[in-house]
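Participant: For reference, the file input-v8.pdb (PDB, C-alpha atoms) is included below:
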```pdb
ATOM      1  CA  MET A  41     -54.189   0.354  63.966
ATOM      2  CA  PHE A  42     -53.875  -3.439  63.457
ATOM      3  CA  ASN A  43     -54.790  -3.316  59.757
ATOM      4  CA  GLU A  44     -52.435  -0.399  59.184
ATOM      5  CA  LEU A  45     -49.579  -2.313  60.834
ATOM      6  CA  LYS A  46     -50.385  -5.397  58.735
ATOM      7  CA  ARG A  47     -50.239  -3.354  55.518
ATOM      8  CA  GLU A  48     -46.894  -1.839  56.523
ATOM      9  CA  ILE A  49     -45.414  -5.255  57.322
ATOM     10  CA  GLU A  50     -46.654  -6.844  54.094
ATOM     11  CA  LYS A  51     -44.953  -4.199  51.970
ATOM     12  CA  CYS A  52     -41.673  -4.132  53.958
ATOM     13  CA  ASN A  53     -38.555  -4.810  51.857
ATOM     14  CA  TYR A  54     -35.937  -3.486  54.300
ATOM     15  CA  CYS A  55     -33.797  -6.655  54.116
ATOM     16  CA  GLU A  56     -33.769  -7.093  50.323
ATOM     17  CA  GLU A  57     -30.158  -5.976  49.903
ATOM     18  CA  LYS A  58     -29.001  -8.082  52.857
ATOM     19  CA  PHE A  59     -30.872 -11.198  51.654
ATOM     20  CA  GLY A  60     -30.015 -10.844  47.968
ATOM     21  CA  PHE A  61     -33.609 -11.635  46.987
ATOM     22  CA  GLU A  62     -37.014 -10.019  47.363
ATOM     23  CA  PRO A  63     -38.356 -10.585  50.902
ATOM     24  CA  HIS A  64     -41.822 -12.051  51.233
ATOM     25  CA  PRO A  65     -43.285 -11.005  54.610
ATOM     26  CA  ILE A  66     -45.634 -13.655  56.001
ATOM     27  CA  PHE A  67     -48.523 -12.334  58.088
ATOM     28  CA  TRP A  68     -51.269 -14.631  59.352
ATOM     29  CA  GLY A  69     -53.853 -13.751  61.971
ATOM     30  CA  GLN A  70     -56.090 -11.083  63.363
ATOM     31  CA  GLU A  71     -56.115  -8.788  66.349
ATOM     32  CA  ASN A  72     -58.365 -11.097  68.404
ATOM     33  CA  SER A  73     -56.881 -14.499  67.535
ATOM     34  CA  LYS A  74     -57.102 -16.735  70.624
ATOM     35  CA  ILE A  75     -53.565 -18.111  70.369
ATOM     36  CA  VAL A  76     -50.493 -16.101  69.413
ATOM     37  CA  GLN A  77     -47.864 -18.529  68.165
ATOM     38  CA  ILE A  78     -44.323 -17.217  67.689
ATOM     39  CA  SER A  79     -41.420 -19.136  66.138
ATOM     40  CA  LEU A  80     -38.069 -18.105  64.611
ATOM     41  CA  ALA A  81     -38.717 -17.300  60.933
ATOM     42  CA  PRO A  82     -40.486 -18.725  57.894
ATOM     43  CA  SER A  83     -38.789 -21.552  55.969
ATOM     44  CA  SER A  84     -38.088 -21.496  52.233
ATOM     45  CA  ALA A  85     -41.257 -23.583  51.689
ATOM     46  CA  VAL A  86     -43.295 -20.952  53.544
ATOM     47  CA  HIS A  87     -41.545 -18.178  51.570
ATOM     48  CA  ASN A  88     -42.804 -19.868  48.397
ATOM     49  CA  SER A  89     -46.311 -20.764  49.618
ATOM     50  CA  GLY A  90     -47.049 -17.535  51.512
ATOM     51  CA  LYS A  91     -48.690 -19.643  54.234
ATOM     52  CA  PRO A  92     -46.981 -20.425  57.569
ATOM     53  CA  PHE A  93     -45.979 -23.948  58.557
ATOM     54  CA  THR A  94     -46.571 -25.500  55.122
ATOM     55  CA  ASP A  95     -43.483 -27.646  55.623
ATOM     56  CA  MET A  96     -42.405 -30.725  57.606
ATOM     57  CA  SER A  97     -42.267 -28.671  60.810
ATOM     58  CA  GLY A  98     -45.889 -27.683  60.264
ATOM     59  CA  LYS A  99     -46.970 -31.262  59.673
ATOM     60  CA  THR A 100     -45.416 -32.361  62.972
ATOM     61  CA  LEU A 101     -46.808 -29.379  64.870
ATOM     62  CA  LYS A 102     -50.376 -29.564  63.535
ATOM     63  CA  LYS A 103     -50.949 -33.276  63.057
ATOM     64  CA  GLU A 104     -48.784 -34.879  65.755
ATOM     65  CA  TRP A 105     -48.364 -32.364  68.573
ATOM     66  CA  TYR A 106     -51.520 -30.231  68.509
ATOM     67  CA  GLN A 107     -53.598 -32.880  66.683
ATOM     68  CA  ILE A 108     -55.750 -30.300  64.950
ATOM     69  CA  SER A 109     -56.890 -29.898  61.355
ATOM     70  CA  ASP A 110     -55.506 -27.405  58.867
ATOM     71  CA  GLU A 111     -58.888 -25.687  59.051
ATOM     72  CA  GLU A 112     -58.485 -25.156  62.796
ATOM     73  CA  PHE A 113     -54.830 -24.113  62.520
ATOM     74  CA  TYR A 114     -55.317 -21.599  59.704
ATOM     75  CA  ASN A 115     -58.555 -20.194  61.155
ATOM     76  CA  THR A 116     -57.488 -16.704  62.222
ATOM     77  CA  ASN A 117     -60.066 -16.759  65.025
ATOM     78  CA  ASN A 118     -57.856 -19.470  66.547
ATOM     79  CA  PHE A 119     -54.264 -18.596  65.613
ATOM     80  CA  PHE A 120     -52.125 -15.578  64.978
ATOM     81  CA  ILE A 121     -49.105 -17.337  63.459
ATOM     82  CA  GLY A 122     -46.099 -15.095  63.799
ATOM     83  CA  ALA A 123     -42.350 -15.269  64.145
ATOM     84  CA  ILE A 124     -39.519 -13.122  65.434
ATOM     85  CA  ALA A 125     -38.986 -12.246  61.769
ATOM     86  CA  HIS A 126     -41.659 -12.147  59.074
ATOM     87  CA  CYS A 127     -39.455 -13.223  56.161
ATOM     88  CA  TYR A 128     -37.387 -16.237  55.202
ATOM     89  CA  PRO A 129     -33.798 -14.986  55.650
ATOM     90  CA  GLY A 130     -32.086 -17.228  53.060
ATOM     91  CA  LYS A 131     -29.099 -19.555  53.492
ATOM     92  CA  ASP A 132     -25.676 -18.918  54.994
ATOM     93  CA  LYS A 133     -22.390 -20.124  53.444
ATOM     94  CA  LYS A 134     -22.774 -23.535  55.091
ATOM     95  CA  GLY A 135     -26.231 -24.035  53.580
ATOM     96  CA  ASN A 136     -28.142 -23.485  56.824
ATOM     97  CA  ASP A 137     -30.952 -20.968  57.202
ATOM     98  CA  ARG A 138     -29.514 -17.588  58.206
ATOM     99  CA  GLN A 139     -30.441 -16.074  61.530
ATOM    100  CA  PRO A 140     -33.204 -13.533  60.938
ATOM    101  CA  PRO A 141     -32.183  -9.891  61.357
ATOM    102  CA  LYS A 142     -33.151  -8.257  64.671
ATOM    103  CA  TYR A 143     -34.610  -5.351  62.716
ATOM    104  CA  CYS A 144     -37.893  -7.196  62.120
ATOM    105  CA  PHE A 145     -38.478  -8.041  65.765
ATOM    106  CA  ASN A 146     -37.605  -4.544  66.935
ATOM    107  CA  LYS A 147     -39.520  -2.717  64.191
ATOM    108  CA  TRP A 148     -42.608  -4.901  63.695
ATOM    109  CA  VAL A 149     -43.076  -7.785  66.105
ATOM    110  CA  LYS A 150     -42.831  -5.703  69.283
ATOM    111  CA  GLU A 151     -45.606  -3.485  67.897
ATOM    112  CA  GLU A 152     -47.767  -6.503  67.016
ATOM    113  CA  LEU A 153     -47.428  -7.953  70.504
ATOM    114  CA  LYS A 154     -48.609  -4.671  72.028
ATOM    115  CA  ILE A 155     -51.910  -4.622  70.144
ATOM    116  CA  LEU A 156     -52.899  -8.306  69.978
ATOM    117  CA  LYS A 157     -55.775  -9.350  72.263
ATOM    118  CA  ASN A 158     -55.043 -13.062  72.542
ATOM    119  CA  GLU A 159     -55.769 -15.527  75.339
ATOM    120  CA  ILE A 160     -52.511 -17.514  75.336
ATOM    121  CA  TYR A 161     -49.055 -17.660  73.732
ATOM    122  CA  SER A 162     -47.327 -20.632  72.132
ATOM    123  CA  ILE A 163     -43.592 -19.990  71.727
ATOM    124  CA  ILE A 164     -41.696 -22.366  69.450
ATOM    125  CA  GLY A 165     -37.956 -22.995  69.615
ATOM    126  CA  ALA A 166     -35.029 -21.887  71.750
ATOM    127  CA  LYS A 167     -34.299 -18.605  69.959
ATOM    128  CA  ALA A 168     -37.881 -17.376  70.212
ATOM    129  CA  ALA A 169     -38.088 -18.501  73.849
ATOM    130  CA  LYS A 170     -34.922 -16.532  74.663
ATOM    131  CA  LEU A 171     -36.584 -13.279  73.561
ATOM    132  CA  PHE A 172     -39.569 -13.828  75.823
ATOM    133  CA  PHE A 173     -37.739 -15.426  78.764
ATOM    134  CA  PRO A 174     -34.123 -14.202  78.520
ATOM    135  CA  ASN A 175     -33.051 -15.365  81.974
ATOM    136  CA  GLU A 176     -34.748 -18.750  82.119
ATOM    137  CA  ASN A 177     -33.631 -22.266  81.230
ATOM    138  CA  TYR A 178     -35.098 -23.380  77.900
ATOM    139  CA  GLU A 179     -35.750 -26.995  78.930
ATOM    140  CA  GLU A 180     -37.441 -25.913  82.141
ATOM    141  CA  LEU A 181     -39.695 -23.532  80.188
ATOM    142  CA  ILE A 182     -40.862 -26.397  77.967
ATOM    143  CA  PHE A 183     -41.904 -28.614  80.848
ATOM    144  CA  LYS A 184     -44.020 -26.090  82.728
ATOM    145  CA  ASN A 185     -46.751 -23.561  82.092
ATOM    146  CA  ASN A 186     -45.374 -20.034  82.028
ATOM    147  CA  LYS A 187     -46.720 -16.492  82.102
ATOM    148  CA  TRP A 188     -45.781 -13.723  79.722
ATOM    149  CA  ASN A 189     -47.705 -10.458  79.571
ATOM    150  CA  ASN A 190     -49.874 -11.951  82.356
ATOM    151  CA  LYS A 191     -51.112 -14.699  80.003
ATOM    152  CA  LEU A 192     -50.573 -18.451  79.920
ATOM    153  CA  THR A 193     -47.537 -19.166  77.763
ATOM    154  CA  ILE A 194     -46.388 -22.571  76.598
ATOM    155  CA  VAL A 195     -42.941 -23.162  75.136
ATOM    156  CA  LEU A 196     -42.313 -25.963  72.654
ATOM    157  CA  PRO A 197     -39.169 -27.377  71.106
ATOM    158  CA  HIS A 198     -38.963 -26.717  67.403
ATOM    159  CA  PRO A 199     -40.902 -29.386  65.446
ATOM    160  CA  SER A 200     -38.276 -29.382  62.682
ATOM    161  CA  PRO A 201     -36.971 -32.762  61.478
ATOM    162  CA  LEU A 202     -33.529 -31.339  62.342
ATOM    163  CA  ASN A 203     -34.509 -31.351  66.033
ATOM    164  CA  LYS A 204     -34.661 -35.151  66.438
ATOM    165  CA  LYS A 205     -31.666 -35.235  68.802
ATOM    166  CA  TRP A 206     -33.327 -32.872  71.281
ATOM    167  CA  LEU A 207     -36.492 -34.984  71.264
ATOM    168  CA  LYS A 208     -34.458 -38.170  71.707
ATOM    169  CA  ASP A 209     -32.542 -36.612  74.616
ATOM    170  CA  HIS A 210     -35.797 -35.421  76.256
ATOM    171  CA  PRO A 211     -38.230 -38.352  75.813
ATOM    172  CA  GLN A 212     -40.553 -36.955  78.481
ATOM    173  CA  PHE A 213     -41.682 -34.295  76.012
ATOM    174  CA  LEU A 214     -43.407 -36.812  73.704
ATOM    175  CA  GLU A 215     -44.278 -39.162  76.576
ATOM    176  CA  LYS A 216     -46.068 -36.582  78.726
ATOM    177  CA  ARG A 217     -45.693 -32.858  78.070
ATOM    178  CA  VAL A 218     -47.065 -32.900  74.516
ATOM    179  CA  TYR A 219     -50.411 -34.221  75.858
ATOM    180  CA  GLU A 220     -50.668 -31.317  78.302
ATOM    181  CA  ILE A 221     -49.847 -28.826  75.535
ATOM    182  CA  ARG A 222     -52.365 -30.460  73.190
ATOM    183  CA  ASN A 223     -55.095 -30.113  75.832
ATOM    184  CA  ILE A 224     -54.275 -26.436  76.355
ATOM    185  CA  ILE A 225     -54.415 -25.730  72.602
ATOM    186  CA  ASN A 226     -57.614 -27.690  72.012
ATOM    187  CA  ASN A 227     -59.363 -26.245  75.068
ATOM    188  CA  THR A 228     -58.465 -22.714  73.953
ATOM    189  CA  ILE A 229     -59.721 -23.325  70.420
ATOM    190  CA  ASN A 230     -62.976 -24.822  71.730
ATOM    191  CA  GLY A 231     -63.553 -22.167  74.394
ATOM    192  CA  ARG A 232     -63.034 -24.496  77.362
ATOM    193  CA  LYS A 233     -61.134 -23.340  80.432
TER     194      LYS A 233
END
```
Show me the file's structure as structure tokens.

Facilitator:
Amino acid sequence: MFNELKREIEKCNYCEEKFGFEPHPIFWGQENSKIVQISLAPSSAVHNSGKPFTDMSGKTLKKEWYQISDEEFYNTNNFFIGAIAHCYPGKDKKGNDRQPPKYCFNKWVKEELKILKNEIYSIIGAKAAKLFFPNENYEELIFKNNKWNNKLTIVLPHPSPLNKKWLKDHPQFLEKRVYEIRNIINNTINGRK
């Protein structure tokens, strides 16, 4: 079932007319990955590389926040790296990344989440967090351990360079919370409880 779903996602071109270019669905992980990480959507750099988080956001996330190697991050035993949309959605008229269409989440991501056998979730960014915790305060979610689908769920701010103001306004994230998150990620990867 998992491999069939993966094949279907990788050949999806539903949004081609809406985007104005050929979509490039990004799929990274396996059914039993320990950590399911969900963010908003791939960036243009990821669209071109075909590999998630090969951009400045990825550098911050992997090297500074998680403090793990590329080998650990891209090891599918460790991470299923997903998003609420599998494709880079292109730019809007102001030059910002478009919001990803809800079609992808409703058609594909909900199905993925049903069949994955992970240990924990890592949810990145306000828009992704809103889908998992629609009635909760985003900042509060970041500073505590949460449960979704009866599993430990951590919520992170987006590691994008465009998110510097949020980090400046919430210094306790880099002063304290990031260390707790790092320990959770590293303990999960290394099989420690």

Participant: Could I get the residues of segment 98-169 of chain A with an atom no further than 9 Å from an atom of segment 175-180 of chain A, each paired with its nearest atom pair and that distance in Å to one decimal, using all atoms listed in the file, sorted by chain and residue number, as a Markdown table?

Facilitator:
```
| residue | atom | partner | partner_atom | distance |
| --- | --- | --- | --- | --- |
| A:Gly165 | CA | A:Tyr178 | CA | 8.8 |
| A:Ala166 | CA | A:Tyr178 | CA | 6.3 |
| A:Ala169 | CA | A:Tyr178 | CA | 7.0 |
```

Participant: Name the residues captured by the PyMOL selection byres ((chain A and resi 190-206) around 8) when it is applied to the shown file; answer as a CSV table (one decimal) with C-alpha atoms, keeping the file's coordinate frame.

Facilitator:
```csv
chain,number,residue,atom,x,y,z
A,96,MET,CA,-42.4,-30.7,57.6
A,97,SER,CA,-42.3,-28.7,60.8
A,98,GLY,CA,-45.9,-27.7,60.3
A,100,THR,CA,-45.4,-32.4,63.0
A,101,LEU,CA,-46.8,-29.4,64.9
A,159,GLU,CA,-55.8,-15.5,75.3
A,160,ILE,CA,-52.5,-17.5,75.3
A,161,TYR,CA,-49.1,-17.7,73.7
A,162,SER,CA,-47.3,-20.6,72.1
A,163,ILE,CA,-43.6,-20.0,71.7
A,164,ILE,CA,-41.7,-22.4,69.4
A,165,GLY,CA,-38.0,-23.0,69.6
A,166,ALA,CA,-35.0,-21.9,71.8
A,169,ALA,CA,-38.1,-18.5,73.8
A,181,LEU,CA,-39.7,-23.5,80.2
A,182,ILE,CA,-40.9,-26.4,78.0
A,183,PHE,CA,-41.9,-28.6,80.8
A,184,LYS,CA,-44.0,-26.1,82.7
A,185,ASN,CA,-46.8,-23.6,82.1
A,186,ASN,CA,-45.4,-20.0,82.0
A,187,LYS,CA,-46.7,-16.5,82.1
A,188,TRP,CA,-45.8,-13.7,79.7
A,189,ASN,CA,-47.7,-10.5,79.6
A,207,LEU,CA,-36.5,-35.0,71.3
A,208,LYS,CA,-34.5,-38.2,71.7
A,209,ASP,CA,-32.5,-36.6,74.6
A,210,HIS,CA,-35.8,-35.4,76.3
A,221,ILE,CA,-49.8,-28.8,75.5
```

Participant: Take the PyMOL selection byres ((chain A and resi 74-85) around 6), apply it to the structure above, and return the hits as an mmCIF file with C-alpha atoms, in the coordinates of the input.

Facilitator:
```
data_model
loop_
_atom_site.group_PDB
_atom_site.id
_atom_site.type_symbol
_atom_site.label_atom_id
_atom_site.label_comp_id
_atom_site.auth_asym_id
_atom_site.auth_seq_id
_atom_site.Cartn_x
_atom_site.Cartn_y
_atom_site.Cartn_z
ATOM 1 C CA SER A 73 -56.881 -14.499 67.535
ATOM 2 C CA VAL A 86 -43.295 -20.952 53.544
ATOM 3 C CA HIS A 87 -41.545 -18.178 51.570
ATOM 4 C CA ASN A 88 -42.804 -19.868 48.397
ATOM 5 C CA ASN A 118 -57.856 -19.470 66.547
ATOM 6 C CA PHE A 119 -54.264 -18.596 65.613
ATOM 7 C CA PHE A 120 -52.125 -15.578 64.978
ATOM 8 C CA ILE A 121 -49.105 -17.337 63.459
ATOM 9 C CA GLY A 122 -46.099 -15.095 63.799
ATOM 10 C CA ALA A 123 -42.350 -15.269 64.145
ATOM 11 C CA ILE A 124 -39.519 -13.122 65.434
ATOM 12 C CA ALA A 125 -38.986 -12.246 61.769
ATOM 13 C CA CYS A 127 -39.455 -13.223 56.161
ATOM 14 C CA TYR A 128 -37.387 -16.237 55.202
ATOM 15 C CA ASN A 158 -55.043 -13.062 72.542
ATOM 16 C CA GLU A 159 -55.769 -15.527 75.339
ATOM 17 C CA ILE A 160 -52.511 -17.514 75.336
ATOM 18 C CA TYR A 161 -49.055 -17.660 73.732
ATOM 19 C CA SER A 162 -47.327 -20.632 72.132
ATOM 20 C CA ILE A 163 -43.592 -19.990 71.727
ATOM 21 C CA ILE A 164 -41.696 -22.366 69.450
ATOM 22 C CA ALA A 168 -37.881 -17.376 70.212
#
```

Participant: Would you work out the distance separating atom CA of Glu152 of chain A from atom CA of Ile229 of chain A, expressed in Å to one decimal?

Facilitator: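 Interatomic distance, atom CA of Glu152 of chain A to atom CA of Ile229 of chain A: 20.9 Å.
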
Participant: Grab the atom CA of Gly231 of chain A to atom CA of Lys216 of chain A distance for me, in Å with one decimal place.

Facilitator: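 Pair atom CA of Gly231 of chain A / atom CA of Lys216 of chain A returns 23.1 Å.
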
Participant: Provide the atom CA of Trp105 of chain A to atom CA of Asp137 of chain A distance in Å, to one decimal place.

Facilitator: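 A separation of 23.7 Å between them.
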
Participant: Check the smallest atom-to-atom distance from each of A:Cys144, A:Thr228, A:Pro211, A:Glu112 to Cys52 of chain A using all atoms listed in the file, then report the winner.

Facilitator: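 Of A:Cys144, A:Thr228, A:Pro211, A:Glu112, the one nearest Cys52 of chain A, counting all atoms listed in the file, is A:Cys144.
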
Participant: My list of candidates is A:Lys134, A:Lys46, A:Lys51, A:Lys103. Which is closest to Gln70 of chain A when distances are computed with only C-alpha atoms?

Facilitator: A:Lys46

Participant: Evaluated on this file, the PyMOL selection byres ((chain A and resi 60) around 12) picks out some residues - which ones are they, written as a compact mmCIF listing (two decimals) with C-alpha atoms, keeping the file's coordinate frame?

Facilitator:
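Result went into expr-v3.txt, see below:
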```
# COMPACT_ATOMS: atom_id res chain seq x y z
CA ASN A 53 -38.56 -4.81 51.86
CA TYR A 54 -35.94 -3.49 54.30
CA CYS A 55 -33.80 -6.66 54.12
CA GLU A 56 -33.77 -7.09 50.32
CA GLU A 57 -30.16 -5.98 49.90
CA LYS A 58 -29.00 -8.08 52.86
CA PHE A 59 -30.87 -11.20 51.65
CA PHE A 61 -33.61 -11.64 46.99
CA GLU A 62 -37.01 -10.02 47.36
CA PRO A 63 -38.36 -10.58 50.90
CA TYR A 128 -37.39 -16.24 55.20
CA PRO A 129 -33.80 -14.99 55.65
CA GLY A 130 -32.09 -17.23 53.06
CA LYS A 131 -29.10 -19.56 53.49
CA ASP A 132 -25.68 -18.92 54.99
```

Participant: Return the single residue from A:Lys91, A:Lys167, A:Lys157, A:Arg217 that is closest to Gln139 of chain A, with distances computed using all atoms listed in the file.

Facilitator: A:Lys167

Participant: I'd like to know which of A:Asn227, A:Leu153, A:Glu104, A:Leu171 is closest to Asn72 of chain A, using all atoms listed in the file.

Facilitator: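 Ranking A:Asn227, A:Leu153, A:Glu104, A:Leu171 by distance to Asn72 of chain A, first place goes to A:Leu153.
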
Participant: First collect every listed atom of segment 118-131 of chain A; then fit an axis-aligned box around them, widen it by 4 Å on each side, and give centre and edge lengths in Å to one decimal, as JSON.

Facilitator:
```
{"center_x": -43.5, "center_y": -15.9, "center_z": 59.8, "size_x": 36.8, "size_y": 15.4, "size_z": 21.5}
```

Participant: Go through A:Phe67, A:Ile225, A:Arg47, A:Phe42 one by one, measure the shortest atom-to-atom distance of each to Thr116 of chain A using only C-alpha atoms, and give the residue with the smallest value.

Facilitator: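 Looking only at the distances to Thr116 of chain A, the closest residue turns out to be A:Phe67.
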
Participant: Could segment 121-131 of chain A be completed with all heavy atoms and written as an mmCIF file, in the frame of the given file, please?

Facilitator:
```cif
data_model
loop_
_atom_site.group_PDB
_atom_site.id
_atom_site.type_symbol
_atom_site.label_atom_id
_atom_site.label_comp_id
_atom_site.auth_asym_id
_atom_site.auth_seq_id
_atom_site.Cartn_x
_atom_site.Cartn_y
_atom_site.Cartn_z
ATOM 1 N N ILE A 121 -50.333 -16.568 63.656
ATOM 2 C CA ILE A 121 -49.105 -17.337 63.459
ATOM 3 C C ILE A 121 -48.001 -16.376 63.062
ATOM 4 O O ILE A 121 -47.936 -15.916 61.927
ATOM 5 C CB ILE A 121 -49.311 -18.433 62.398
ATOM 6 C CG1 ILE A 121 -50.526 -19.297 62.767
ATOM 7 C CG2 ILE A 121 -48.055 -19.298 62.287
ATOM 8 C CD1 ILE A 121 -50.990 -20.226 61.659
ATOM 9 N N GLY A 122 -47.160 -16.052 64.025
ATOM 10 C CA GLY A 122 -46.099 -15.095 63.799
ATOM 11 C C GLY A 122 -44.726 -15.700 64.003
ATOM 12 O O GLY A 122 -44.569 -16.897 64.217
ATOM 13 N N ALA A 123 -43.738 -14.859 63.944
ATOM 14 C CA ALA A 123 -42.350 -15.269 64.145
ATOM 15 C C ALA A 123 -41.562 -14.046 64.598
ATOM 16 O O ALA A 123 -42.063 -12.920 64.526
ATOM 17 C CB ALA A 123 -41.772 -15.843 62.856
ATOM 18 N N ILE A 124 -40.330 -14.272 65.035
ATOM 19 C CA ILE A 124 -39.519 -13.122 65.434
ATOM 20 C C ILE A 124 -38.993 -12.371 64.218
ATOM 21 O O ILE A 124 -38.427 -11.301 64.340
ATOM 22 C CB ILE A 124 -38.401 -13.501 66.425
ATOM 23 C CG1 ILE A 124 -37.446 -14.525 65.852
ATOM 24 C CG2 ILE A 124 -38.994 -14.011 67.720
ATOM 25 C CD1 ILE A 124 -36.289 -14.860 66.788
ATOM 26 N N ALA A 125 -39.217 -12.944 63.036
ATOM 27 C CA ALA A 125 -38.986 -12.246 61.769
ATOM 28 C C ALA A 125 -40.041 -12.721 60.783
ATOM 29 O O ALA A 125 -40.384 -13.896 60.752
ATOM 30 C CB ALA A 125 -37.591 -12.531 61.240
ATOM 31 N N HIS A 126 -40.564 -11.809 59.984
ATOM 32 C CA HIS A 126 -41.659 -12.147 59.074
ATOM 33 C C HIS A 126 -41.213 -12.808 57.779
ATOM 34 O O HIS A 126 -42.040 -13.366 57.071
ATOM 35 C CB HIS A 126 -42.460 -10.885 58.738
ATOM 36 C CG HIS A 126 -43.402 -10.488 59.820
ATOM 37 N ND1 HIS A 126 -44.613 -11.089 60.016
ATOM 38 C CD2 HIS A 126 -43.284 -9.553 60.803
ATOM 39 C CE1 HIS A 126 -45.218 -10.553 61.048
ATOM 40 N NE2 HIS A 126 -44.431 -9.611 61.553
ATOM 41 N N CYS A 127 -39.929 -12.730 57.460
ATOM 42 C CA CYS A 127 -39.455 -13.223 56.161
ATOM 43 C C CYS A 127 -38.441 -14.349 56.305
ATOM 44 O O CYS A 127 -37.664 -14.383 57.260
ATOM 45 C CB CYS A 127 -38.782 -12.088 55.377
ATOM 46 S SG CYS A 127 -39.898 -10.745 54.971
ATOM 47 N N TYR A 128 -38.436 -15.229 55.325
ATOM 48 C CA TYR A 128 -37.387 -16.237 55.202
ATOM 49 C C TYR A 128 -36.071 -15.506 54.946
ATOM 50 O O TYR A 128 -35.977 -14.704 54.023
ATOM 51 C CB TYR A 128 -37.727 -17.176 54.040
ATOM 52 C CG TYR A 128 -36.599 -18.076 53.616
ATOM 53 C CD1 TYR A 128 -36.091 -19.037 54.483
ATOM 54 C CD2 TYR A 128 -36.041 -17.966 52.342
ATOM 55 C CE1 TYR A 128 -35.051 -19.870 54.095
ATOM 56 C CE2 TYR A 128 -35.009 -18.803 51.942
ATOM 57 C CZ TYR A 128 -34.517 -19.741 52.824
ATOM 58 O OH TYR A 128 -33.488 -20.566 52.436
ATOM 59 N N PRO A 129 -35.032 -15.770 55.771
ATOM 60 C CA PRO A 129 -33.798 -14.986 55.650
ATOM 61 C C PRO A 129 -32.777 -15.524 54.649
ATOM 62 O O PRO A 129 -31.724 -14.916 54.477
ATOM 63 C CB PRO A 129 -33.227 -15.044 57.073
ATOM 64 C CG PRO A 129 -33.728 -16.341 57.625
ATOM 65 C CD PRO A 129 -35.054 -16.596 56.972
ATOM 66 N N GLY A 130 -33.047 -16.657 54.002
ATOM 67 C CA GLY A 130 -32.086 -17.228 53.060
ATOM 68 C C GLY A 130 -31.082 -18.136 53.757
ATOM 69 O O GLY A 130 -31.175 -18.400 54.959
ATOM 70 N N LYS A 131 -30.098 -18.602 52.992
ATOM 71 C CA LYS A 131 -29.099 -19.555 53.492
ATOM 72 C C LYS A 131 -27.769 -18.859 53.766
ATOM 73 O O LYS A 131 -27.403 -17.904 53.085
ATOM 74 C CB LYS A 131 -28.854 -20.661 52.459
ATOM 75 C CG LYS A 131 -30.087 -21.492 52.119
ATOM 76 C CD LYS A 131 -30.361 -22.514 53.175
ATOM 77 C CE LYS A 131 -31.524 -23.423 52.778
ATOM 78 N NZ LYS A 131 -31.959 -24.246 53.899
#
```
